file entry_33.txt (compact mmCIF, C-alpha atoms)
# COMPACT_ATOMS: atom_id res chain seq x y z
CA SER V 300 -89.16 107.45 230.71
CA ASP V 301 -90.43 108.00 227.13
CA TRP V 302 -87.98 110.92 226.85
CA SER V 303 -85.04 108.67 227.76
CA SER V 304 -86.19 106.14 225.19
CA ASP V 305 -86.34 108.81 222.48
CA VAL V 306 -82.88 110.12 223.35
CA CYS V 307 -81.27 106.67 223.29
CA SER V 308 -83.01 105.81 220.04
CA SER V 309 -81.90 109.11 218.46
CA ASP V 310 -78.28 108.51 219.50
CA LEU V 311 -78.43 105.02 218.00
CA SER V 312 -79.88 106.39 214.75
CA ALA V 313 -77.15 109.02 214.57
CA HIS V 314 -74.40 106.38 214.79
CA ILE V 315 -76.12 104.28 212.12
CA ALA V 316 -76.57 107.30 209.83
CA MET V 317 -72.83 107.99 210.08
CA LYS V 318 -72.15 104.28 209.36
CA ASP V 319 -70.43 104.01 212.73
CA LEU V 320 -71.61 100.48 213.46
CA ASN V 321 -69.21 99.98 216.36
CA GLY V 322 -70.53 103.13 218.00
CA ALA V 323 -74.09 102.00 217.24
CA ALA V 324 -73.42 98.62 218.87
CA ALA V 325 -72.02 100.33 221.98
CA GLU V 326 -75.04 102.64 222.14
CA MET V 327 -77.35 99.67 221.70
CA LYS V 328 -75.66 97.87 224.61
CA ARG V 329 -76.15 100.96 226.80
CA PHE V 330 -79.77 101.23 225.69
CA LEU V 331 -80.50 97.59 226.61
CA GLN V 332 -78.79 97.93 229.97
CA ALA V 333 -80.86 101.02 230.77
CA ALA V 334 -83.99 99.11 229.86
CA VAL V 335 -83.45 96.21 232.28
CA ALA V 336 -85.14 97.90 235.22
CA ALA V 337 -87.53 99.95 233.07
CA PRO V 338 -91.28 99.36 232.51
CA PRO V 339 -92.27 96.74 229.90
CA TYR V 340 -93.03 99.25 227.15
CA PHE V 341 -89.56 100.81 227.43
CA ARG V 342 -87.95 97.36 227.34
CA ALA V 343 -89.97 96.48 224.24
CA GLU V 344 -88.87 99.68 222.52
CA ALA V 345 -85.26 98.84 223.35
CA GLN V 346 -85.71 95.41 221.74
CA LEU V 347 -87.25 96.97 218.63
CA ALA V 348 -84.33 99.38 218.39
CA THR V 349 -81.97 96.44 217.94
CA VAL V 350 -83.67 95.82 214.59
CA ASP V 351 -82.25 99.10 213.27
CA LEU V 352 -78.75 97.88 214.08
CA LYS V 353 -79.48 94.46 212.54
CA MET V 354 -80.63 96.18 209.33
CA ALA V 355 -77.48 98.30 209.20
CA GLN V 356 -75.41 95.14 209.60
CA GLY V 357 -77.40 93.31 206.92
CA ASP V 358 -78.32 90.63 209.45
CA TYR V 359 -82.04 89.83 209.11
CA GLY V 360 -82.25 86.26 210.38
CA ASP V 361 -83.19 87.02 214.01
CA VAL V 362 -85.46 89.99 213.31
CA PRO V 363 -88.82 88.14 213.47
CA GLU V 364 -87.89 86.51 216.78
CA ILE V 365 -86.67 89.82 218.27
CA VAL V 366 -89.79 91.70 217.22
CA ASN V 367 -92.18 89.00 218.43
CA ALA V 368 -90.46 88.91 221.83
CA ALA V 369 -90.83 92.69 222.09
CA VAL V 370 -94.54 92.64 221.22
CA GLN V 371 -95.39 89.72 223.52
CA SER V 372 -93.53 91.28 226.46
CA VAL V 373 -96.10 94.09 226.72
CA LEU V 374 -99.28 93.01 228.50
CA ASP V 375 -101.27 96.22 228.96
CA PRO V 376 -103.89 96.21 226.14
CA GLU V 377 -103.41 99.83 225.06
CA GLU V 378 -99.62 99.65 225.23
CA LYS V 379 -99.69 96.31 223.41
CA LYS V 380 -101.68 97.92 220.59
CA ARG V 381 -99.16 100.78 220.37
CA ILE V 382 -96.12 98.52 220.37
CA GLY V 383 -97.82 96.36 217.73
CA TYR V 384 -97.98 99.33 215.37
CA GLU V 385 -94.39 100.31 216.18
CA ALA V 386 -93.31 96.74 215.47
CA TYR V 387 -95.23 96.71 212.19
CA VAL V 388 -93.53 99.90 210.99
CA GLU V 389 -90.15 98.49 212.03
CA LEU V 390 -90.79 95.33 210.02
CA LEU V 391 -91.90 97.29 206.95
CA ASN V 392 -88.69 99.32 207.10
CA CYS V 393 -86.76 96.08 207.47
CA VAL V 394 -88.42 94.58 204.38
CA LEU V 395 -87.59 97.69 202.34
CA ALA V 396 -83.96 97.42 203.40
CA ALA V 397 -83.90 93.69 202.68
CA ALA V 398 -85.33 94.21 199.19
CA ASN V 399 -82.40 96.52 198.51
CA GLN V 400 -79.75 94.11 199.82
CA LEU V 401 -81.09 90.59 199.22
CA PRO V 402 -82.46 88.72 196.20
CA TYR V 403 -86.18 89.39 195.90
CA ALA V 404 -87.08 85.77 196.70
CA ASP V 405 -85.15 86.01 199.98
CA ALA V 406 -86.78 89.33 200.88
CA GLN V 407 -90.23 87.84 200.21
CA ALA V 408 -89.39 84.77 202.30
CA LEU V 409 -88.27 87.03 205.14
CA ALA V 410 -91.59 88.91 204.98
CA ALA V 411 -93.53 85.63 205.09
CA LYS V 412 -91.51 84.55 208.16
CA MET V 413 -92.35 87.86 209.84
CA ASP V 414 -96.07 87.31 209.25
CA HIS V 415 -95.82 83.76 210.58
CA ASP V 416 -93.58 84.37 213.60
CA VAL V 417 -94.84 87.73 214.92
CA ASP V 418 -98.25 87.65 216.59
CA GLY V 419 -100.45 90.73 216.88
CA LEU V 420 -99.38 92.75 213.83
CA PRO V 421 -102.03 95.15 212.45
CA GLY V 422 -101.30 94.27 208.81
CA SER V 423 -99.57 91.93 206.38
CA VAL V 424 -95.83 92.33 205.93
CA SER V 425 -95.87 89.94 202.95
CA GLY V 426 -98.44 92.05 201.13
CA PHE V 427 -96.33 95.15 201.65
CA ALA V 428 -93.22 93.29 200.48
CA ARG V 429 -94.96 92.22 197.27
CA GLN V 430 -95.95 95.81 196.56
CA ALA V 431 -92.45 97.12 197.27
CA ILE V 432 -90.80 94.48 195.08
CA ARG V 433 -93.37 95.02 192.33
CA THR V 434 -92.59 98.74 192.32
CA ARG V 435 -88.86 98.14 192.13
CA ARG V 436 -89.32 95.67 189.27
CA ARG V 437 -91.38 98.21 187.38
CA LEU V 438 -88.73 100.86 187.91
CA ALA V 439 -86.18 98.40 186.58
CA GLY V 440 -88.34 97.60 183.56
CA ASP V 441 -88.74 93.98 184.71
CA PHE V 442 -92.42 93.82 183.69
CA THR V 443 -92.53 90.22 182.48
CA VAL V 444 -91.88 88.79 185.94
CA ALA V 445 -94.39 91.14 187.58
CA LEU V 446 -97.10 90.18 185.07
CA ARG V 447 -96.43 86.46 185.50
CA GLU V 448 -96.39 86.56 189.30
CA ASP V 449 -99.47 88.76 189.59
CA SER V 450 -101.38 86.59 187.09
CA GLU V 451 -100.54 83.56 189.23
CA ILE V 452 -101.88 85.33 192.33
CA VAL V 453 -105.16 86.03 190.51
CA GLU V 454 -105.49 82.37 189.57
CA GLN V 455 -104.71 81.25 193.11
CA ALA V 456 -107.43 83.50 194.54
CA ARG V 457 -109.90 82.29 191.88
CA ALA V 458 -109.12 78.63 192.58
CA ALA V 459 -109.63 79.20 196.31
CA GLY V 460 -112.96 80.95 195.73
CA GLN V 461 -111.69 84.10 197.48
CA VAL V 462 -113.63 86.73 195.52
CA ARG V 463 -112.39 89.73 197.48
CA SER V 464 -108.78 88.64 197.10
CA GLU V 465 -109.36 88.00 193.40
CA ILE V 466 -110.74 91.52 192.92
CA GLU V 467 -107.76 93.08 194.68
CA SER V 468 -105.35 90.90 192.70
CA LEU V 469 -107.05 91.91 189.44
CA ARG V 470 -106.61 95.59 190.31
CA ILE V 471 -102.90 94.96 190.90
CA LEU V 472 -102.59 93.04 187.62
CA ALA V 473 -104.31 95.93 185.84
CA SER V 474 -101.66 98.29 187.21
CA ASP V 475 -99.01 96.02 185.67
CA TYR V 476 -100.70 96.39 182.29
CA GLU V 477 -100.82 100.15 182.87
CA ALA V 478 -97.05 100.12 183.36
CA VAL V 479 -96.56 98.50 179.93
CA ASN V 480 -99.19 100.74 178.27
CA SER V 481 -101.48 97.83 177.40
CA VAL V 482 -104.81 99.65 177.59
CA SER V 483 -106.96 96.83 176.19
CA ASN V 484 -105.62 94.26 178.67
CA ARG V 485 -105.95 96.73 181.53
CA ILE V 486 -109.61 97.33 180.64
CA ALA V 487 -110.33 93.62 180.24
CA VAL V 488 -108.87 92.82 183.67
CA LEU V 489 -110.72 95.66 185.39
CA GLU V 490 -114.02 94.77 183.68
CA ASN V 491 -113.57 91.32 185.18
CA ALA V 492 -113.03 92.92 188.60
CA GLU V 493 -116.17 95.05 188.09
CA ARG V 494 -118.18 91.93 187.22
CA LEU V 495 -117.01 90.25 190.43
CA GLU V 496 -117.82 93.35 192.47
CA ARG V 497 -121.39 93.26 191.14
CA THR V 498 -121.82 89.63 192.24
CA LEU V 499 -121.20 90.80 195.82
CA LEU V 500 -123.73 93.65 195.82
CA PRO V 501 -126.83 93.30 198.01
CA ALA V 502 -130.31 93.40 196.52
CA GLY V 503 -130.48 97.19 196.39
CA GLY V 504 -127.34 97.41 194.26
CA ILE V 505 -125.49 99.59 196.80
CA PRO V 506 -122.56 98.17 198.83
CA GLN V 507 -123.00 98.47 202.58
CA GLY V 508 -120.16 99.46 204.93
CA TYR V 509 -116.75 101.01 204.51
CA PRO V 510 -114.63 98.06 203.25
CA GLU V 511 -117.18 97.00 200.62
CA THR V 512 -117.83 100.55 199.41
CA PHE V 513 -114.13 101.39 199.31
CA SER V 514 -113.39 98.35 197.14
CA TRP V 515 -116.38 99.07 194.89
CA ALA V 516 -115.43 102.72 194.38
CA LEU V 517 -111.76 101.89 193.81
CA THR V 518 -112.55 99.28 191.15
CA LEU V 519 -114.95 101.60 189.32
CA MET V 520 -112.49 104.48 189.50
CA ASP V 521 -109.62 102.37 188.15
CA LEU V 522 -111.84 101.23 185.27
CA THR V 523 -112.90 104.82 184.60
CA ILE V 524 -109.25 105.87 184.35
CA ALA V 525 -108.56 102.96 182.01
CA TYR V 526 -111.39 104.06 179.70
CA THR V 527 -109.92 107.58 179.57
CA ARG V 528 -106.72 106.08 178.15
CA VAL V 529 -108.49 104.76 175.05
CA LYS V 530 -107.51 106.60 171.88
CA PRO V 531 -109.62 107.92 170.33
CA PHE V 532 -111.84 108.56 173.34
CA GLY V 533 -115.32 108.18 171.88
CA PRO V 534 -118.99 108.13 172.93
CA VAL V 535 -118.81 104.54 174.23
CA GLU V 536 -115.89 105.33 176.53
CA LEU V 537 -117.56 108.58 177.64
CA ASP V 538 -120.80 106.80 178.53
CA ASN V 539 -118.96 104.03 180.38
CA ALA V 540 -116.80 106.47 182.33
CA ASN V 541 -119.75 108.63 183.38
CA ARG V 542 -121.80 105.59 184.38
CA LEU V 543 -119.02 104.25 186.58
CA LEU V 544 -118.36 107.60 188.24
CA ASN V 545 -122.06 108.11 188.92
CA GLU V 546 -122.38 104.66 190.50
CA ALA V 547 -119.27 105.04 192.63
CA ILE V 548 -120.19 108.49 193.96
CA ALA V 549 -123.79 107.44 194.60
CA ALA V 550 -122.60 104.43 196.61
CA ILE V 551 -120.57 106.71 198.89
CA ASP V 552 -123.36 109.26 199.28
CA LYS V 553 -125.88 106.55 200.17
CA GLN V 554 -123.87 105.00 202.99
CA PRO V 555 -126.13 105.11 206.07
CA ALA V 556 -123.31 105.67 208.57
CA ALA V 557 -121.91 109.20 208.75
CA ALA V 558 -118.57 107.78 209.92
CA ASP V 559 -118.30 105.66 206.77
CA ARG V 560 -119.14 108.63 204.55
CA ALA V 561 -116.44 110.64 206.30
CA ARG V 562 -113.83 107.90 205.82
CA LEU V 563 -114.79 107.67 202.15
CA ALA V 564 -114.62 111.44 201.57
CA SER V 565 -111.08 111.28 200.14
CA VAL V 566 -112.15 108.56 197.69
CA LYS V 567 -115.11 110.67 196.60
CA SER V 568 -112.76 113.60 196.06
CA GLU V 569 -110.56 111.44 193.80
CA LEU V 570 -113.64 110.37 191.85
CA GLU V 571 -114.53 114.03 191.34
CA LEU V 572 -111.03 114.66 190.02
CA GLU V 573 -111.53 111.86 187.51
CA ARG V 574 -114.81 113.53 186.56
CA ALA V 575 -112.74 116.55 185.58
CA SER V 576 -110.56 114.31 183.39
CA VAL V 577 -113.61 112.88 181.65
CA LEU V 578 -115.07 116.37 181.12
CA ALA V 579 -111.79 117.50 179.60
CA LEU V 580 -111.83 114.61 177.13
CA ALA V 581 -115.43 115.53 176.27
CA ASN V 582 -114.23 119.09 175.50
CA GLU V 583 -116.06 120.49 178.54
CA HIS V 584 -113.06 122.66 179.41
CA ASP V 585 -114.75 125.17 181.67
CA GLU V 586 -116.56 122.53 183.74
CA ALA V 587 -113.36 120.57 184.20
CA LEU V 588 -111.46 123.68 185.25
CA LYS V 589 -114.20 124.55 187.75
CA ILE V 590 -113.76 121.20 189.50
CA LEU V 591 -109.96 121.47 189.59
CA THR V 592 -110.04 125.04 190.93
CA ALA V 593 -112.41 123.97 193.71
CA LYS V 594 -110.14 121.06 194.61
CA LEU V 595 -107.24 123.43 195.27
CA GLN V 596 -109.20 124.77 198.23
CA GLU V 597 -109.57 121.37 199.91
CA ARG V 598 -107.32 120.69 202.86
CA GLY V 599 -104.78 117.94 202.45
CA ARG V 600 -105.00 117.88 198.66
CA ASP V 601 -102.00 116.98 196.51
CA LYS V 602 -101.73 120.44 194.96
CA ALA V 603 -98.97 119.44 192.56
CA ASP V 604 -101.26 116.80 191.05
CA ILE V 605 -104.06 119.34 190.59
CA TYR V 606 -101.77 121.94 189.02
CA LEU V 607 -100.47 119.29 186.62
CA ARG V 608 -104.05 118.39 185.68
CA MET V 609 -104.78 122.07 185.09
CA ALA V 610 -101.68 122.39 182.92
CA ARG V 611 -102.71 119.39 180.80
CA LEU V 612 -106.17 120.85 180.45
CA ASP V 613 -104.81 124.20 179.22
CA ARG V 614 -101.65 123.32 177.32
CA ASP V 615 -103.21 122.93 173.86
CA VAL V 616 -105.42 126.03 174.07
CA PHE V 617 -103.85 128.33 176.67
CA PRO V 618 -100.11 127.51 176.67
CA ASP V 619 -99.09 130.48 178.83
CA ARG V 620 -101.61 129.57 181.51
CA ALA V 621 -100.46 125.96 181.29
CA ALA V 622 -96.85 127.06 181.80
CA LEU V 623 -97.90 128.89 184.99
CA SER V 624 -99.68 125.75 186.26
CA TYR V 625 -96.60 123.65 185.52
CA ASP V 626 -94.45 126.11 187.48
CA LEU V 627 -96.83 126.00 190.45
CA ALA V 628 -96.73 122.20 190.39
CA ILE V 629 -92.94 122.24 190.25
CA ASP V 630 -92.75 124.70 193.15
CA ASP V 631 -94.99 122.46 195.25
CA LEU V 632 -92.91 119.38 194.47
CA VAL V 633 -89.71 121.25 195.34
CA ALA V 634 -91.22 122.41 198.64
CA ASN V 635 -92.24 118.86 199.50
CA ARG V 636 -88.95 117.30 198.29
CA GLN V 637 -90.62 114.87 195.90
CA SER V 638 -87.63 114.57 193.61
CA LEU V 639 -88.77 111.73 191.35
CA ARG V 640 -92.11 113.38 190.62
CA LEU V 641 -90.29 116.67 190.19
CA ALA V 642 -88.11 115.28 187.41
CA ALA V 643 -91.15 113.86 185.62
CA ALA V 644 -93.04 117.16 185.94
CA ARG V 645 -90.13 119.13 184.51
CA VAL V 646 -89.83 116.76 181.55
CA GLU V 647 -93.56 117.10 180.87
CA ALA V 648 -93.39 120.89 181.17
CA ALA V 649 -90.38 120.98 178.82
CA ARG V 650 -92.22 118.92 176.23
CA ALA V 651 -95.20 121.27 176.38
CA ALA V 652 -92.84 124.23 176.00
CA VAL V 653 -91.19 122.72 172.91
CA LEU V 654 -94.56 122.11 171.27
CA HIS V 655 -95.32 125.81 171.58
CA GLY V 656 -91.92 127.06 170.47
CA GLN V 657 -90.75 128.01 173.97
CA THR V 658 -87.30 126.51 173.43
CA GLU V 659 -85.49 128.66 175.99
CA ARG V 660 -87.92 127.62 178.72
CA ALA V 661 -87.62 123.98 177.67
CA GLY V 662 -83.83 124.14 177.87
CA LYS V 663 -83.89 125.56 181.41
CA LEU V 664 -86.31 122.87 182.54
CA LEU V 665 -84.18 120.07 181.08
CA VAL V 666 -81.06 121.42 182.80
CA GLN V 667 -82.94 121.14 186.09
CA VAL V 668 -84.01 117.59 185.18
CA SER V 669 -80.37 116.61 184.70
CA LYS V 670 -79.57 117.98 188.15
CA ASN V 671 -82.49 115.97 189.59
CA LEU V 672 -81.30 112.75 188.05
CA GLY V 673 -77.71 113.36 189.07
CA SER V 674 -78.61 113.86 192.72
CA GLU V 675 -81.06 111.00 193.20
CA GLY V 676 -80.23 107.39 194.09
CA PHE V 677 -81.40 105.80 190.88
CA ALA V 678 -79.45 102.62 191.71
CA ASP V 679 -82.74 101.60 193.33
CA THR V 680 -83.94 100.71 189.84
CA GLU V 681 -81.33 98.00 189.34
CA TRP V 682 -82.59 94.54 188.44
CA LYS V 683 -82.87 91.97 191.21
CA LEU V 684 -82.60 88.39 190.02
call {"tool": "encode", "arguments": {"input": "entry_33.txt", "output": "structure tokens"}}
result
Amino acid sequence: SDWSSDVCSSDLSAHIAMKDLNGAAAEMKRFLQAAVAAPPYFRAEAQLATVDLKMAQGDYGDVPEIVNAAVQSVLDPEEKKRIGYEAYVELLNCVLAAANQLPYADAQALAAKMDHDVDGLPGSVSGFARQAIRTRRRLAGDFTVALREDSEIVEQARAAGQVRSEIESLRILASDYEAVNSVSNRIAVLENAERLERTLLPAGGIPQGYPETFSWALTLMDLTIAYTRVKPFGPVELDNANRLLNEAIAAIDKQPAAADRARLASVKSELELERASVLALANEHDEALKILTAKLQERGRDKADIYLRMARLDRDVFPDRAALSYDLAIDDLVANRQSLRLAAARVEAARAAVLHGQTERAGKLLVQVSKNLGSEGFADTEWKL
């Protein structure tokens, strides 16, 4: 039964968590024996569970073959779809573990083998692996390699005439430039992506359908954010940012299908948040605050992000109100156990406190930052050659 599968899987996970690999292997043997006479879906889950043990042992070679066998053993269409998603999640977890234990080139090769050998996955493992490795390189400060590799991917997409892939690759390259604080290069890359997006627009100038509108809105939003990083932020940047936000929001509002508009609602909400950022830079404090306050009432919002935006809006003019917003953001991050963001928020709040002579508050915040850093696994930022 599903319940039996969950129990066996939980017992296996418990052994692995305690680093009792012998116990995990014994539990895995029992699990597989129980699955022999079970329905196909249960047997497939048992096969997928062996991947957890393989990961704990650092043995990745057979994982693609094991996962493919599990997926192909399920014939019922609905069950096959479900096991495909379970397999995909298992492979993503495996790639994350491999990136921590293997050289990056080996982890990327493993991901490519997974994509090639496992039929019926709902997404690309290689794409996920590239993103995971890129993030780790950025954390390690290894920006040169990330820039070189992502520039090569852009050129490959351009040479192949794959405009959509080129646009996505340009957005990723722009995020690399963001990481090294190169605003001019980030803008140049995103303006190139915007130009390509416009070549794909239909005659009416409005993208049609969810994928096209999502890409359009994302490119325009990324470029808007890049313009807000220009110092000083002047009339040209203000006009460009407002134009892009207006076009992106209009494209979402004009989608003919209600289902597409609903799927794009979260993107529209992010665009409205960026509108608040632009208003703040234009010294429209009250209008920006009105948007942020309204966003706090939306379900599923990242409240810590909104409180941090409110704090940044207020910190130069209303430092006490900003301090309260920082505290609310910190409380939300504590509640949601987002330790890395928590450390960054406390550092930012401490800096704001120092600028306004609140040295005692700054000291308390920095003590908490030290505790954050001491308790987190920052070895994840080590360089991988």
call {"tool": "residues_around", "arguments": {"input": "entry_33.txt", "residues": "Glu496 (chain V)", "least_positions_apart": "3", "cutoff": "12 Å", "atoms": "all atoms listed in the file", "output": "list in words"}}
result
Val462, Arg463, Ser464, Glu465, Ile466, Glu467, Leu469, Arg470, Leu489, Glu490, Asn491, Ala492, Glu493, Leu499, Leu500, Pro501, Gly504, Ile505, Pro506, Glu511, Thr512, Phe513, Ser514, Trp515, Ala516, Leu517, Thr518, Leu519 and Ala547 of chain V
call {"tool": "atom_distance", "arguments": {"input": "entry_33.txt", "atom1": "CA of Gly440 (chain V)", "atom2": "CA of Ser474 (chain V)"}}
result
13.8 Å
call {"tool": "residues_around", "arguments": {"input": "entry_33.txt", "residues": "Gly357 (chain V)", "least_positions_apart": "3", "cutoff": "10 Å", "atoms": "only C-alpha atoms", "output": "number ranges by chain"}}
result
V: 351-354, 360, 393, 396-397, 400-401
call {"tool": "write_last_selection", "arguments": {"input": "entry_33.txt", "atoms": "C-alpha atoms", "output": "compact mmCIF listing (two decimals), keeping the file's coordinate frame"}}
result
# COMPACT_ATOMS: atom_id res chain seq x y z
CA ASP V 351 -82.25 99.10 213.27
CA LEU V 352 -78.75 97.88 214.08
CA LYS V 353 -79.48 94.46 212.54
CA MET V 354 -80.63 96.18 209.33
CA GLY V 360 -82.25 86.26 210.38
CA CYS V 393 -86.76 96.08 207.47
CA ALA V 396 -83.96 97.42 203.40
CA ALA V 397 -83.90 93.69 202.68
CA GLN V 400 -79.75 94.11 199.82
CA LEU V 401 -81.09 90.59 199.22
call {"tool": "residues_around", "arguments": {"input": "entry_33.txt", "residues": "region 405-409 of chain V", "least_positions_apart": "5", "cutoff": "7 Å", "atoms": "only C-alpha atoms", "output": "JSON, numbers by chain"}}
result
{"V": [394, 397, 398, 425, 428]}
call {"tool": "write_last_selection", "arguments": {"input": "entry_33.txt", "atoms": "C-alpha atoms", "output": "short mmCIF file (atom, residue, chain, number, x, y, z; two decimals), in the frame of the given file"}}
result
data_model
loop_
_atom_site.label_atom_id
_atom_site.label_comp_id
_atom_site.auth_asym_id
_atom_site.auth_seq_id
_atom_site.Cartn_x
_atom_site.Cartn_y
_atom_site.Cartn_z
CA VAL V 394 -88.42 94.58 204.38
CA ALA V 397 -83.90 93.69 202.68
CA ALA V 398 -85.33 94.21 199.19
CA SER V 425 -95.87 89.94 202.95
CA ALA V 428 -93.22 93.29 200.48
#
call {"tool": "atom_distance", "arguments": {"input": "entry_33.txt", "atom1": "CA of Phe341 (chain V)", "atom2": "CA of Lys318 (chain V)"}}
result
25.3 Å
call {"tool": "atom_distance", "arguments": {"input": "entry_33.txt", "atom1": "CA of Leu578 (chain V)", "atom2": "CA of Leu612 (chain V)"}}
result
10.0 Å
call {"tool": "build_atoms", "arguments": {"input": "entry_33.txt", "residues": "region 518-536 of chain V", "atoms": "N, CA and C atoms", "output": "PDB file, in the frame of the given file"}}
result
ATOM      1  N   THR V 518    -112.489 100.032 192.405  1.00  0.00           N
ATOM      2  CA  THR V 518    -112.550  99.280 191.150  1.00  0.00           C
ATOM      3  C   THR V 518    -113.177 100.112 190.034  1.00  0.00           C
ATOM      4  N   LEU V 519    -114.288 100.796 190.344  1.00  0.00           N
ATOM      5  CA  LEU V 519    -114.950 101.600 189.320  1.00  0.00           C
ATOM      6  C   LEU V 519    -114.084 102.794 188.906  1.00  0.00           C
ATOM      7  N   MET V 520    -113.360 103.367 189.854  1.00  0.00           N
ATOM      8  CA  MET V 520    -112.490 104.480 189.500  1.00  0.00           C
ATOM      9  C   MET V 520    -111.327 104.012 188.624  1.00  0.00           C
ATOM     10  N   ASP V 521    -110.723 102.891 188.970  1.00  0.00           N
ATOM     11  CA  ASP V 521    -109.620 102.370 188.150  1.00  0.00           C
ATOM     12  C   ASP V 521    -110.095 102.082 186.730  1.00  0.00           C
ATOM     13  N   LEU V 522    -111.305 101.529 186.600  1.00  0.00           N
ATOM     14  CA  LEU V 522    -111.840 101.230 185.270  1.00  0.00           C
ATOM     15  C   LEU V 522    -112.158 102.519 184.517  1.00  0.00           C
ATOM     16  N   THR V 523    -112.664 103.516 185.220  1.00  0.00           N
ATOM     17  CA  THR V 523    -112.900 104.820 184.600  1.00  0.00           C
ATOM     18  C   THR V 523    -111.607 105.380 184.010  1.00  0.00           C
ATOM     19  N   ILE V 524    -110.547 105.350 184.810  1.00  0.00           N
ATOM     20  CA  ILE V 524    -109.250 105.870 184.350  1.00  0.00           C
ATOM     21  C   ILE V 524    -108.775 105.090 183.133  1.00  0.00           C
ATOM     22  N   ALA V 525    -108.976 103.778 183.150  1.00  0.00           N
ATOM     23  CA  ALA V 525    -108.560 102.960 182.010  1.00  0.00           C
ATOM     24  C   ALA V 525    -109.322 103.362 180.747  1.00  0.00           C
ATOM     25  N   TYR V 526    -110.620 103.625 180.870  1.00  0.00           N
ATOM     26  CA  TYR V 526    -111.390 104.060 179.700  1.00  0.00           C
ATOM     27  C   TYR V 526    -110.875 105.396 179.155  1.00  0.00           C
ATOM     28  N   THR V 527    -110.422 106.275 180.048  1.00  0.00           N
ATOM     29  CA  THR V 527    -109.920 107.580 179.570  1.00  0.00           C
ATOM     30  C   THR V 527    -108.611 107.451 178.805  1.00  0.00           C
ATOM     31  N   ARG V 528    -107.976 106.278 178.872  1.00  0.00           N
ATOM     32  CA  ARG V 528    -106.720 106.080 178.150  1.00  0.00           C
ATOM     33  C   ARG V 528    -106.944 105.562 176.723  1.00  0.00           C
ATOM     34  N   VAL V 529    -108.189 105.257 176.395  1.00  0.00           N
ATOM     35  CA  VAL V 529    -108.490 104.760 175.050  1.00  0.00           C
ATOM     36  C   VAL V 529    -108.337 105.902 174.039  1.00  0.00           C
ATOM     37  N   LYS V 530    -107.675 105.607 172.945  1.00  0.00           N
ATOM     38  CA  LYS V 530    -107.510 106.600 171.880  1.00  0.00           C
ATOM     39  C   LYS V 530    -108.026 106.008 170.567  1.00  0.00           C
ATOM     40  N   PRO V 531    -108.969 106.679 169.907  1.00  0.00           N
ATOM     41  CA  PRO V 531    -109.620 107.920 170.330  1.00  0.00           C
ATOM     42  C   PRO V 531    -110.660 107.657 171.422  1.00  0.00           C
ATOM     43  N   PHE V 532    -110.843 108.642 172.263  1.00  0.00           N
ATOM     44  CA  PHE V 532    -111.840 108.560 173.340  1.00  0.00           C
ATOM     45  C   PHE V 532    -113.186 108.943 172.728  1.00  0.00           C
ATOM     46  N   GLY V 533    -114.070 107.942 172.582  1.00  0.00           N
ATOM     47  CA  GLY V 533    -115.320 108.180 171.880  1.00  0.00           C
ATOM     48  C   GLY V 533    -116.544 108.112 172.769  1.00  0.00           C
ATOM     49  N   PRO V 534    -117.725 108.125 172.163  1.00  0.00           N
ATOM     50  CA  PRO V 534    -118.990 108.130 172.930  1.00  0.00           C
ATOM     51  C   PRO V 534    -119.141 106.916 173.845  1.00  0.00           C
ATOM     52  N   VAL V 535    -118.681 105.743 173.394  1.00  0.00           N
ATOM     53  CA  VAL V 535    -118.810 104.540 174.230  1.00  0.00           C
ATOM     54  C   VAL V 535    -117.993 104.691 175.512  1.00  0.00           C
ATOM     55  N   GLU V 536    -116.752 105.140 175.352  1.00  0.00           N
ATOM     56  CA  GLU V 536    -115.890 105.330 176.530  1.00  0.00           C
ATOM     57  C   GLU V 536    -116.448 106.422 177.442  1.00  0.00           C
TER      58      GLU V 536
END
